[in-house]
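Source file: protein_12.txt (compact mmCIF, C-alpha atoms and all ligand atoms)
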# COMPACT_ATOMS: atom_id res chain seq x y z
CA MET X 1 57.69 29.02 108.75
CA GLN X 2 55.34 26.23 109.76
CA ALA X 3 52.40 28.34 108.76
CA GLU X 4 54.07 29.04 105.45
CA LEU X 5 54.54 25.31 104.85
CA LYS X 6 50.90 24.59 105.64
CA ALA X 7 49.79 27.36 103.31
CA ILE X 8 51.90 25.88 100.54
CA GLU X 9 50.39 22.46 101.18
CA GLN X 10 46.83 23.74 101.04
CA GLU X 11 47.43 25.78 97.95
CA ALA X 12 49.12 22.85 96.19
CA LEU X 13 46.43 20.36 97.14
CA ALA X 14 43.70 22.72 95.94
CA LYS X 15 45.43 23.14 92.60
CA VAL X 16 45.93 19.39 92.21
CA ALA X 17 42.27 18.82 92.99
CA ALA X 18 41.20 21.36 90.38
CA VAL X 19 43.45 20.21 87.54
CA ASN X 20 42.14 17.96 84.76
CA ASP X 21 45.09 17.57 82.51
CA VAL X 22 48.29 15.50 82.88
CA LYS X 23 50.49 18.28 81.50
CA GLU X 24 49.08 20.87 83.87
CA LEU X 25 49.56 18.42 86.74
CA GLN X 26 53.19 18.06 85.73
CA ALA X 27 53.53 21.85 85.80
CA ILE X 28 52.15 21.94 89.36
CA LYS X 29 54.69 19.31 90.38
CA VAL X 30 57.51 21.43 89.03
CA ALA X 31 56.09 24.60 90.60
CA TYR X 32 56.06 23.14 94.12
CA LEU X 33 58.53 20.27 94.24
CA GLY X 34 60.98 21.18 91.46
CA LYS X 35 64.44 22.65 92.01
CA LYS X 36 63.02 26.15 91.79
CA GLY X 37 59.69 25.15 93.37
CA SER X 38 58.14 27.03 96.27
CA LEU X 39 58.49 24.15 98.77
CA THR X 40 62.11 23.71 97.83
CA ALA X 41 62.68 27.42 98.35
CA VAL X 42 61.26 27.24 101.88
CA LEU X 43 63.38 24.20 102.73
CA ARG X 44 66.48 26.05 101.59
CA GLY X 45 65.79 28.66 104.25
CA MET X 46 65.93 26.02 107.02
CA GLY X 47 69.59 26.79 107.67
CA LYS X 48 68.52 30.00 109.31
CA LEU X 49 66.45 28.19 111.95
CA SER X 50 67.65 27.44 115.46
CA PRO X 51 68.84 23.88 116.17
CA GLU X 52 65.70 23.20 118.22
CA GLU X 53 63.32 24.38 115.56
CA ARG X 54 65.05 22.55 112.71
CA PRO X 55 63.87 18.93 113.36
CA VAL X 56 60.31 20.06 114.04
CA VAL X 57 60.07 22.13 110.90
CA GLY X 58 61.99 19.43 109.00
CA GLU X 59 59.39 16.83 109.88
CA ILE X 60 56.52 19.08 108.89
CA ALA X 61 58.28 19.91 105.65
CA ASN X 62 58.63 16.19 104.90
CA GLN X 63 54.97 15.60 105.61
CA VAL X 64 54.00 18.47 103.34
CA ARG X 65 56.21 17.12 100.55
CA GLU X 66 54.79 13.62 100.94
CA ALA X 67 51.23 14.93 100.98
CA ILE X 68 51.76 16.94 97.80
CA THR X 69 53.64 14.06 96.08
CA LYS X 70 50.89 11.60 96.93
CA ALA X 71 48.16 13.94 95.78
CA ILE X 72 49.96 14.45 92.48
CA ASP X 73 50.57 10.70 91.99
CA ASP X 74 46.99 9.84 92.81
CA LYS X 75 45.67 12.50 90.49
CA ASN X 76 48.03 11.29 87.79
CA ASP X 77 46.56 7.77 88.09
CA VAL X 78 43.05 9.14 87.90
CA LEU X 79 43.81 11.20 84.79
CA GLU X 80 45.66 8.39 83.04
CA ASN X 81 42.87 5.95 83.71
CA ALA X 82 40.32 8.40 82.40
CA ALA X 83 42.39 8.90 79.22
CA LEU X 84 42.68 5.16 78.72
CA GLU X 85 38.98 4.69 79.26
CA GLU X 86 38.21 7.38 76.70
CA LYS X 87 40.54 5.77 74.15
CA LEU X 88 38.97 2.36 74.65
CA GLN X 89 35.54 3.86 74.13
CA GLU X 90 36.66 5.55 70.95
CA GLU X 91 38.30 2.46 69.51
CA ALA X 92 35.60 0.04 70.54
CA ILE X 93 34.62 -2.37 67.72
CA ASP X 94 30.94 -3.02 67.28
CA VAL X 95 30.98 -6.69 66.40
CA THR X 96 27.26 -6.61 65.64
CA LEU X 97 27.71 -4.26 62.63
CA PRO X 98 27.37 -6.02 59.25
CA GLY X 99 30.78 -6.58 57.56
CA ARG X 100 31.93 -5.12 54.25
CA PRO X 101 32.09 -7.92 51.67
CA VAL X 102 35.51 -8.53 50.08
CA THR X 103 34.99 -9.15 46.38
CA VAL X 104 37.45 -11.45 44.66
CA GLY X 105 38.24 -10.91 41.00
CA GLY X 106 38.88 -13.58 38.39
CA PRO X 107 40.17 -13.87 34.85
CA HIS X 108 37.90 -12.50 32.11
CA LEU X 109 35.89 -15.19 30.28
CA LEU X 110 37.67 -14.33 27.04
CA THR X 111 41.06 -14.79 28.70
CA LYS X 112 39.94 -18.17 30.00
CA VAL X 113 38.72 -19.35 26.60
CA ILE X 114 41.91 -18.14 24.89
CA GLU X 115 44.04 -19.92 27.50
CA GLU X 116 42.00 -23.11 27.10
CA ILE X 117 42.60 -23.03 23.32
CA GLU X 118 46.29 -22.24 23.85
CA ASP X 119 46.69 -25.20 26.22
CA LEU X 120 45.02 -27.50 23.75
CA PHE X 121 47.35 -26.54 20.92
CA ILE X 122 50.44 -26.43 23.14
CA GLY X 123 49.54 -30.05 23.94
CA MET X 124 49.75 -30.82 20.21
CA GLY X 125 53.19 -29.22 19.89
CA TYR X 126 52.24 -25.71 18.77
CA GLU X 127 54.13 -22.65 20.01
CA VAL X 128 52.24 -19.51 21.00
CA ARG X 129 53.41 -16.36 19.22
CA GLU X 130 52.52 -12.69 19.15
CA GLY X 131 52.60 -10.02 16.48
CA PRO X 132 52.13 -6.26 16.28
CA GLU X 133 48.63 -4.77 16.35
CA VAL X 134 49.77 -1.85 14.19
CA GLU X 135 50.77 -3.82 11.11
CA THR X 136 52.25 -3.03 7.73
CA ASP X 137 50.07 -3.26 4.65
CA TYR X 138 52.60 -5.79 3.40
CA PHE X 139 52.13 -8.34 6.20
CA ASN X 140 48.42 -7.73 6.70
CA PHE X 141 47.60 -8.12 3.01
CA GLU X 142 50.33 -8.53 0.42
CA ALA X 143 52.26 -11.36 2.06
CA LEU X 144 48.91 -13.15 2.34
CA ASN X 145 48.30 -13.06 -1.39
CA LEU X 146 46.17 -9.93 -1.26
CA PRO X 147 47.98 -7.48 -3.56
CA LYS X 148 46.96 -3.82 -3.61
CA ASP X 149 43.55 -3.35 -5.32
CA HIS X 150 42.65 -7.00 -4.73
CA PRO X 151 38.85 -7.01 -4.33
CA ALA X 152 39.02 -9.35 -1.34
CA ARG X 153 40.61 -6.54 0.69
CA ASP X 154 37.08 -5.16 0.94
CA MET X 155 36.09 -8.22 2.99
CA GLN X 156 37.94 -6.59 5.88
CA ASP X 157 37.29 -2.86 6.20
CA SER X 158 40.42 -1.44 7.76
CA PHE X 159 41.60 1.38 10.01
CA TYR X 160 44.62 2.85 8.24
CA VAL X 161 47.20 4.80 10.27
CA THR X 162 49.26 5.87 7.24
CA ASN X 163 49.24 4.61 3.65
CA GLU X 164 51.44 1.72 4.63
CA LEU X 165 50.36 1.09 8.26
CA LEU X 166 47.04 -0.10 9.60
CA LEU X 167 45.49 -1.74 12.65
CA ARG X 168 45.69 -5.40 11.71
CA THR X 169 42.36 -6.77 10.48
CA HIS X 170 43.24 -10.35 11.38
CA THR X 171 45.99 -12.36 13.09
CA SER X 172 47.00 -13.99 9.79
CA PRO X 173 50.00 -11.62 9.28
CA VAL X 174 51.70 -13.52 12.12
CA GLN X 175 51.76 -16.58 9.79
CA ALA X 176 53.87 -14.67 7.31
CA ARG X 177 56.07 -13.12 10.02
CA THR X 178 56.77 -16.50 11.62
CA MET X 179 57.57 -18.26 8.34
CA ARG X 180 59.90 -15.43 7.39
CA GLU X 181 61.67 -15.73 10.74
CA TYR X 182 62.11 -19.47 10.20
CA LYS X 183 63.74 -18.68 6.83
CA GLY X 184 62.08 -21.47 4.88
CA GLU X 185 64.34 -23.96 6.57
CA LYS X 186 62.35 -25.70 9.27
CA PRO X 187 58.77 -26.72 10.06
CA VAL X 188 56.43 -24.15 11.64
CA LYS X 189 53.77 -25.04 14.16
CA MET X 190 52.29 -22.02 15.82
CA ILE X 191 49.16 -20.33 17.05
CA CYS X 192 48.77 -16.61 17.59
CA PRO X 193 46.03 -15.12 19.76
CA GLY X 194 45.55 -11.35 19.69
CA LYS X 195 43.39 -8.31 19.14
CA VAL X 196 42.24 -7.30 15.66
CA TYR X 197 40.37 -4.25 14.35
CA ARG X 198 37.77 -3.67 11.65
CA ARG X 199 35.70 -0.72 10.55
CA ASP X 200 32.44 -2.30 11.61
CA THR X 201 29.49 -0.79 13.40
CA ASP X 202 29.13 -2.44 16.80
CA ASP X 203 26.04 -4.59 17.29
CA ALA X 204 25.21 -7.95 18.87
CA THR X 205 27.51 -9.85 16.49
CA HIS X 206 30.02 -7.18 15.35
CA SER X 207 32.69 -5.24 17.18
CA HIS X 208 35.28 -2.82 15.81
CA GLN X 209 37.80 -4.61 18.03
CA PHE X 210 37.74 -8.30 18.78
CA THR X 211 40.15 -11.21 19.15
CA GLN X 212 41.31 -13.96 16.85
CA ILE X 213 43.48 -17.01 17.12
CA GLU X 214 45.48 -17.90 14.05
CA GLY X 215 46.98 -21.35 13.56
CA LEU X 216 49.65 -22.50 11.12
CA TYR X 217 51.35 -25.82 10.49
CA VAL X 218 53.96 -25.99 7.72
CA ASP X 219 56.13 -29.04 7.09
CA LYS X 220 56.98 -31.51 4.38
CA ASP X 221 53.91 -33.52 3.40
CA VAL X 222 51.18 -31.74 5.41
CA LYS X 223 47.80 -32.78 3.99
CA MET X 224 44.20 -31.63 4.19
CA SER X 225 43.42 -34.72 6.25
CA ASP X 226 45.88 -33.44 8.88
CA LEU X 227 43.90 -30.20 9.03
CA LYS X 228 40.65 -32.07 9.42
CA GLY X 229 42.11 -34.26 12.19
CA VAL X 230 43.39 -31.28 14.19
CA LEU X 231 40.11 -29.38 13.81
CA ASP X 232 38.16 -32.47 14.88
CA ILE X 233 40.24 -32.77 18.07
CA PHE X 234 39.81 -29.04 18.70
CA ALA X 235 36.02 -29.18 18.27
CA LYS X 236 35.58 -32.23 20.50
CA LYS X 237 37.81 -30.87 23.27
CA MET X 238 36.17 -27.43 23.22
CA PHE X 239 32.55 -28.39 22.75
CA GLY X 240 32.23 -32.06 23.73
CA GLU X 241 33.14 -35.51 22.46
CA ASP X 242 29.68 -35.98 20.93
CA ARG X 243 30.16 -33.12 18.45
CA ASN X 244 31.09 -33.72 14.81
CA ILE X 245 32.67 -31.37 12.30
CA ARG X 246 32.23 -30.79 8.60
CA LEU X 247 34.27 -28.76 6.15
CA ARG X 248 32.48 -26.61 3.56
CA PRO X 249 34.22 -25.11 0.51
CA SER X 250 34.94 -21.42 0.94
CA PHE X 251 37.34 -18.74 -0.27
CA PHE X 252 40.29 -17.00 1.38
CA PRO X 253 43.07 -15.50 -0.75
CA PHE X 254 45.77 -17.02 1.48
CA THR X 255 44.55 -20.64 1.32
CA GLU X 256 43.82 -23.03 -1.54
CA PRO X 257 41.61 -24.90 -1.14
CA SER X 258 39.78 -22.90 1.51
CA VAL X 259 37.12 -24.23 3.85
CA GLU X 260 34.81 -23.21 6.58
CA MET X 261 34.41 -25.56 9.51
CA ASP X 262 31.04 -26.20 11.12
CA ILE X 263 30.27 -28.24 14.24
CA SER X 264 27.14 -30.28 14.69
CA CYS X 265 24.44 -28.50 16.68
CA LYS X 266 24.48 -29.49 20.32
CA VAL X 267 20.70 -29.35 20.55
CA CYS X 268 19.67 -31.46 17.54
CA HIS X 269 23.02 -33.15 16.64
CA GLY X 270 22.59 -32.39 12.94
CA GLU X 271 18.84 -32.91 12.55
CA GLY X 272 18.02 -29.19 12.28
CA CYS X 273 16.40 -27.03 14.96
CA SER X 274 15.88 -23.39 15.86
CA VAL X 275 19.36 -23.03 17.45
CA CYS X 276 21.14 -23.95 14.19
CA LYS X 277 18.45 -22.29 12.04
CA GLY X 278 17.36 -25.65 10.70
CA THR X 279 20.75 -26.57 9.18
CA GLY X 280 21.98 -28.92 11.94
CA TRP X 281 25.39 -27.19 11.83
CA ILE X 282 27.03 -24.09 13.33
CA GLU X 283 29.86 -22.21 11.64
CA ILE X 284 33.02 -21.96 13.75
CA LEU X 285 36.10 -20.94 11.77
CA GLY X 286 37.89 -20.49 8.44
CA ALA X 287 40.81 -22.66 7.33
CA GLY X 288 42.59 -24.12 4.35
CA MET X 289 45.84 -25.28 2.81
CA VAL X 290 48.38 -22.46 2.75
CA HIS X 291 48.45 -20.92 -0.73
CA PRO X 292 51.71 -21.66 -2.62
CA ASN X 293 52.18 -17.89 -3.19
CA VAL X 294 52.08 -17.30 0.58
CA LEU X 295 54.66 -20.03 1.19
CA GLU X 296 56.87 -18.71 -1.55
CA MET X 297 56.72 -15.05 -0.43
CA ALA X 298 57.75 -16.14 3.08
CA GLY X 299 60.71 -18.12 1.74
CA TYR X 300 59.29 -21.67 1.76
CA ASP X 301 59.53 -23.74 -1.41
CA PRO X 302 55.93 -24.87 -2.15
CA LYS X 303 57.30 -27.91 -4.01
CA VAL X 304 58.93 -29.12 -0.80
CA TYR X 305 56.73 -27.67 1.92
CA SER X 306 52.97 -27.58 2.39
CA GLY X 307 50.84 -26.49 5.28
CA PHE X 308 47.45 -25.68 6.67
CA ALA X 309 46.17 -22.60 8.46
CA PHE X 310 43.06 -21.64 10.37
CA GLY X 311 41.64 -18.55 11.99
CA MET X 312 38.97 -18.41 14.65
CA GLY X 313 37.25 -15.87 16.89
CA PRO X 314 37.41 -16.73 20.60
CA GLU X 315 34.39 -14.48 21.28
CA ARG X 316 32.30 -16.55 18.91
CA ILE X 317 33.54 -19.76 20.49
CA ALA X 318 32.77 -18.45 23.99
CA MET X 319 29.34 -17.27 22.85
CA LEU X 320 28.47 -20.70 21.48
CA LYS X 321 29.94 -22.54 24.43
CA TYR X 322 28.24 -20.45 27.12
CA GLY X 323 25.08 -19.31 25.32
CA ILE X 324 26.01 -15.59 25.18
CA ASN X 325 23.99 -13.68 22.60
CA ASP X 326 25.74 -10.29 22.45
CA ILE X 327 29.45 -9.85 21.66
CA ARG X 328 29.44 -6.45 23.41
CA GLN X 329 29.15 -8.26 26.75
CA PHE X 330 32.85 -9.09 26.48
CA TYR X 331 33.86 -5.44 26.44
CA LEU X 332 31.38 -3.75 28.77
CA ASN X 333 33.14 -5.05 31.89
CA ASP X 334 29.87 -5.42 33.73
CA SER X 335 30.85 -7.44 36.77
CA ARG X 336 27.36 -8.99 36.93
CA PHE X 337 28.13 -10.63 33.57
CA LEU X 338 31.78 -11.39 34.22
CA LYS X 339 31.43 -13.03 37.61
CA GLN X 340 29.03 -15.63 36.28
CA PHE X 341 32.04 -17.25 34.61
CA HIS X 342 34.54 -17.16 37.46
CA GLN X 343 33.85 -20.80 38.19
CA ALA X 344 33.40 -21.84 34.53
N1 LIG Q 401 41.99 -14.33 8.48
C1 LIG Q 401 40.66 -14.83 8.26
C2 LIG Q 401 39.65 -13.81 8.71
O1 LIG Q 401 39.99 -12.96 9.50
C3 LIG Q 401 40.45 -16.11 9.01
C4 LIG Q 401 41.23 -17.21 8.39
C5 LIG Q 401 40.67 -18.01 7.40
C6 LIG Q 401 42.53 -17.45 8.78
C7 LIG Q 401 41.37 -19.04 6.83
C8 LIG Q 401 43.24 -18.50 8.19
C9 LIG Q 401 42.66 -19.27 7.23
O2 LIG Q 401 44.50 -18.77 8.54
O3 LIG Q 401 43.34 -20.28 6.70
O4 LIG Q 401 38.53 -13.87 8.30
Hey, can you dump this file as structure tokens for me?
Amino acid sequence: MQAELKAIEQEALAKVAAVNDVKELQAIKVAYLGKKGSLTAVLRGMGKLSPEERPVVGEIANQVREAITKAIDDKNDVLENAALEEKLQEEAIDVTLPGRPVTVGGPHLLTKVIEEIEDLFIGMGYEVREGPEVETDYFNFEALNLPKDHPARDMQDSFYVTNELLLRTHTSPVQARTMREYKGEKPVKMICPGKVYRRDTDDATHSHQFTQIEGLYVDKDVKMSDLKGVLDIFAKKMFGEDRNIRLRPSFFPFTEPSVEMDISCKVCHGEGCSVCKGTGWIEILGAGMVHPNVLEMAGYDPKVYSGFAFGMGPERIAMLKYGINDIRQFYLNDSRFLKQFHQA
């Protein structure tokens, strides 16, 4: 029996020495020391020994069990350490590698310019409104004193969806919508930024889709001088206190009289230079006193109420303000262009 125990010990130790895997080591443990293990089986047979033999064999059996247990525990430590070492190697961070830059986005220049204009008018008591981009022929044209077959409709080549629906060609329909909502009963003071669409061929100064900001102020006793005052504040806040404005006669079917507003050239201050093509002035927007027909169609009595309106293109304003020479830059989403204005 002693020889049997020694044989078991040798066999077990050899297997432990050869194993390289924690699971296999566990299997060896079970095979020798487990309830059905070979050492356990031998120990069970101890009852058959004589009383003299029993303590001697018992001691040897204990030694064998301790030797196998220790060998297994030691091997387990070795394998676990090796596994840990391997994991650490795998997960090691090379702090000398160059990092990946994290790029931070920012609002689009056009968004910033629109928000700047909104803030300015909100400060003067205007509300900011929205209107549909797919508009009815009625609001886009008729309610603005442009009946069907009016030649001035050709000024704005349109994308029609059906006979009565089109992509709005300007934000002016929101004037008519707002006045109608106010039912001719109270003053209106609103601006409306938004996208507009025209059948134009895209080039450096034209785009089939661009943005506009419409403005409208209707109340009792609104005068042309009020319009001029508001536009003067707008021009000075947007372009600088040293800039002047002038109003030139123009024509829009929805205003009478109609004007175009210019600002003095920032390079020559009105003298005439290459930037302003020798005129000293740069065209910014269209405006005028709301036509009595437009007031009347929207439910305002033109004998009681009067108002002014204006419409401007934020792209044009941004182009002049930041020296951008191609409107397509706003829509290409080239981050090299866009990120130049993140701090603007
Ligand atoms: N709707 C005009 C356009 O798109 C711009 C405009 C001119 C709007 C004069 C106005 C205005 O409200 O009074 O060309």
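Proximity to stretch 183-189 of chain X at 6 Å, evaluated using only C-alpha atoms and with sequence-adjacent residues fewer than 5 positions away removed, yields Tyr126, Leu216, Tyr217, Val218, Asp219, Gly299 and Tyr300 of chain X.
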Could you make a table, as JSON lines, of the residues of chain X that have an atom within 9 Å of an atom of ligand LIG 401 (chain Q), each with its nearest atom pair and distance in Å to one decimal, counting only C-alpha atoms and all ligand atoms, in chain and number order?
{"residue": "X:Met155", "atom": "CA", "partner": "Q:LIG401", "partner_atom": "O4", "distance": 8.1}
{"residue": "X:Gln156", "atom": "CA", "partner": "Q:LIG401", "partner_atom": "O1", "distance": 7.6}
{"residue": "X:Thr169", "atom": "CA", "partner": "Q:LIG401", "partner_atom": "O1", "distance": 6.7}
{"residue": "X:His170", "atom": "CA", "partner": "Q:LIG401", "partner_atom": "O1", "distance": 4.6}
{"residue": "X:Thr171", "atom": "CA", "partner": "Q:LIG401", "partner_atom": "N1", "distance": 6.4}
{"residue": "X:Ser172", "atom": "CA", "partner": "Q:LIG401", "partner_atom": "N1", "distance": 5.2}
{"residue": "X:Pro173", "atom": "CA", "partner": "Q:LIG401", "partner_atom": "N1", "distance": 8.5}
{"residue": "X:Gln175", "atom": "CA", "partner": "Q:LIG401", "partner_atom": "O2", "distance": 7.7}
{"residue": "X:Val196", "atom": "CA", "partner": "Q:LIG401", "partner_atom": "O1", "distance": 8.7}
{"residue": "X:Gln212", "atom": "CA", "partner": "Q:LIG401", "partner_atom": "O1", "distance": 7.5}
{"residue": "X:Ile213", "atom": "CA", "partner": "Q:LIG401", "partner_atom": "C6", "distance": 8.4}
{"residue": "X:Glu214", "atom": "CA", "partner": "Q:LIG401", "partner_atom": "O2", "distance": 5.7}
{"residue": "X:Gly215", "atom": "CA", "partner": "Q:LIG401", "partner_atom": "O2", "distance": 6.2}
{"residue": "X:Leu216", "atom": "CA", "partner": "Q:LIG401", "partner_atom": "O2", "distance": 6.9}
{"residue": "X:Phe251", "atom": "CA", "partner": "Q:LIG401", "partner_atom": "C7", "distance": 8.2}
{"residue": "X:Phe252", "atom": "CA", "partner": "Q:LIG401", "partner_atom": "C7", "distance": 5.9}
{"residue": "X:Pro253", "atom": "CA", "partner": "Q:LIG401", "partner_atom": "C7", "distance": 8.5}
{"residue": "X:Phe254", "atom": "CA", "partner": "Q:LIG401", "partner_atom": "O3", "distance": 6.6}
{"residue": "X:Thr255", "atom": "CA", "partner": "Q:LIG401", "partner_atom": "O3", "distance": 5.5}
{"residue": "X:Glu256", "atom": "CA", "partner": "Q:LIG401", "partner_atom": "O3", "distance": 8.7}
{"residue": "X:Ser258", "atom": "CA", "partner": "Q:LIG401", "partner_atom": "C7", "distance": 6.8}
{"residue": "X:Val259", "atom": "CA", "partner": "Q:LIG401", "partner_atom": "C7", "distance": 7.3}
{"residue": "X:Glu260", "atom": "CA", "partner": "Q:LIG401", "partner_atom": "C7", "distance": 7.8}
{"residue": "X:Leu285", "atom": "CA", "partner": "Q:LIG401", "partner_atom": "C5", "distance": 7.0}
{"residue": "X:Gly286", "atom": "CA", "partner": "Q:LIG401", "partner_atom": "C5", "distance": 3.9}
{"residue": "X:Ala287", "atom": "CA", "partner": "Q:LIG401", "partner_atom": "O3", "distance": 3.5}
{"residue": "X:Gly288", "atom": "CA", "partner": "Q:LIG401", "partner_atom": "O3", "distance": 4.6}
{"residue": "X:Met289", "atom": "CA", "partner": "Q:LIG401", "partner_atom": "O3", "distance": 6.8}
{"residue": "X:Val290", "atom": "CA", "partner": "Q:LIG401", "partner_atom": "O3", "distance": 6.8}
{"residue": "X:Phe308", "atom": "CA", "partner": "Q:LIG401", "partner_atom": "O3", "distance": 6.8}
{"residue": "X:Ala309", "atom": "CA", "partner": "Q:LIG401", "partner_atom": "O3", "distance": 4.1}
{"residue": "X:Phe310", "atom": "CA", "partner": "Q:LIG401", "partner_atom": "O2", "distance": 3.7}
{"residue": "X:Gly311", "atom": "CA", "partner": "Q:LIG401", "partner_atom": "C6", "distance": 3.5}
{"residue": "X:Met312", "atom": "CA", "partner": "Q:LIG401", "partner_atom": "C3", "distance": 6.3}
{"residue": "X:Gly313", "atom": "CA", "partner": "Q:LIG401", "partner_atom": "O1", "distance": 8.4}
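Distances from X:Val78, X:Pro55, X:Ile68, X:Arg243 to X:Gly34 were compared using all atoms listed in the file, and the smallest one belongs to X:Ile68.
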Set the distance at 12 Å and use all atoms listed in the file: which residues neighbour X:Ala3 once local chain neighbours fewer than 4 positions away are removed? I'd like the list as a PDB file with C-alpha atoms, in the coordinates of the input.
ATOM      1  CA  ALA X   7      49.790  27.360 103.310  1.00  0.00           C
ATOM      2  CA  ILE X   8      51.900  25.880 100.540  1.00  0.00           C
ATOM      3  CA  GLU X   9      50.390  22.460 101.180  1.00  0.00           C
ATOM      4  CA  GLN X  10      46.830  23.740 101.040  1.00  0.00           C
ATOM      5  CA  VAL X  42      61.260  27.240 101.880  1.00  0.00           C
ATOM      6  CA  VAL X  57      60.070  22.130 110.900  1.00  0.00           C
ATOM      7  CA  ILE X  60      56.520  19.080 108.890  1.00  0.00           C
ATOM      8  CA  ALA X  61      58.280  19.910 105.650  1.00  0.00           C
ATOM      9  CA  VAL X  64      54.000  18.470 103.340  1.00  0.00           C
TER      10      VAL X  64
END
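As for atom CA of X:Gln209 and atom CA of X:Thr279, they are spaced 29.2 Å apart.
Non-sequential neighbours of X:Asp73 (distance at most 12 Å, separation of 5 or more positions within a chain, only C-alpha atoms) are Leu13, Val16, Ala17, Val22, Leu25, Gln26, Ile28, Lys29, Glu66, Ala67, Ile68, Val78, Leu79 and Glu80 of chain X.
Between atom CA of X:Lys339 and atom CA of X:Val102 the interatomic distance comes to 13.9 Å.
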Within 10 Å of file point (33.0, -32.3, 19.3), counting only C-alpha atoms, expressed as a PyMOL selection string: chain X and resi 231-245+263-266
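All protein and nucleic acid residues in the vicinity of (27.8, -17.3, 18.1), that is within 12 Å when counting only C-alpha atoms, are Ala204, Thr205, His206, Asp262, Ile263, Cys265, Val275, Cys276, Trp281, Ile282, Glu283, Ile284, Leu285, Met312, Gly313, Pro314, Glu315, Arg316, Ile317, Ala318, Met319, Leu320, Lys321, Tyr322, Gly323, Ile324, Asn325, Asp326 and Ile327 of chain X.
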So which residues touch X:Glu133 within 7 Å, counting only C-alpha atoms, skipping near sequence neighbours fewer than 4 positions away, as a count of residues only? 4
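Distances from X:Val104, X:Thr178, X:Ile114, X:Ile93 to X:Gly131 were compared using all atoms listed in the file, and the smallest one belongs to X:Thr178.
Using all atoms listed in the file, the smallest distance between any of X:Phe341, X:Phe139, X:Tyr32, X:Tyr331 and X:Asp202 comes from X:Tyr331.
Rounded to one decimal, atom CA of X:Gln329 and atom CA of X:Phe159 lie 23.0 Å from each other.
Checking X:Gly307, X:Arg328, X:Lys220, X:Cys192 one by one against X:Ser207, counting all atoms listed in the file, you find the shortest gap at X:Arg328.
Counting all atoms listed in the file and comparing X:Asn76, X:Met46, X:Thr111, X:His291, the residue that lies closest to X:Asp21 is X:Asn76.
Counting all atoms listed in the file and comparing X:Glu115, X:Asp226, X:Asp149, X:Glu127, the residue that lies closest to X:Ile191 is X:Glu127.
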Could you list, as a PyMOL selection string, every residue within 10 Å of X:Gly125, counting all atoms listed in the file and ignoring same-chain residues fewer than 5 positions away? chain X and resi 119-120+189-190
Please produce a file of those selected residues containing C-alpha atoms, as a short mmCIF file (atom, residue, chain, number, x, y, z; two decimals), keeping the file's coordinate frame.
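The file below, result22.cif, is the result:
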data_model
loop_
_atom_site.label_atom_id
_atom_site.label_comp_id
_atom_site.auth_asym_id
_atom_site.auth_seq_id
_atom_site.Cartn_x
_atom_site.Cartn_y
_atom_site.Cartn_z
CA ASP X 119 46.69 -25.20 26.22
CA LEU X 120 45.02 -27.50 23.75
CA LYS X 189 53.77 -25.04 14.16
CA MET X 190 52.29 -22.02 15.82
#
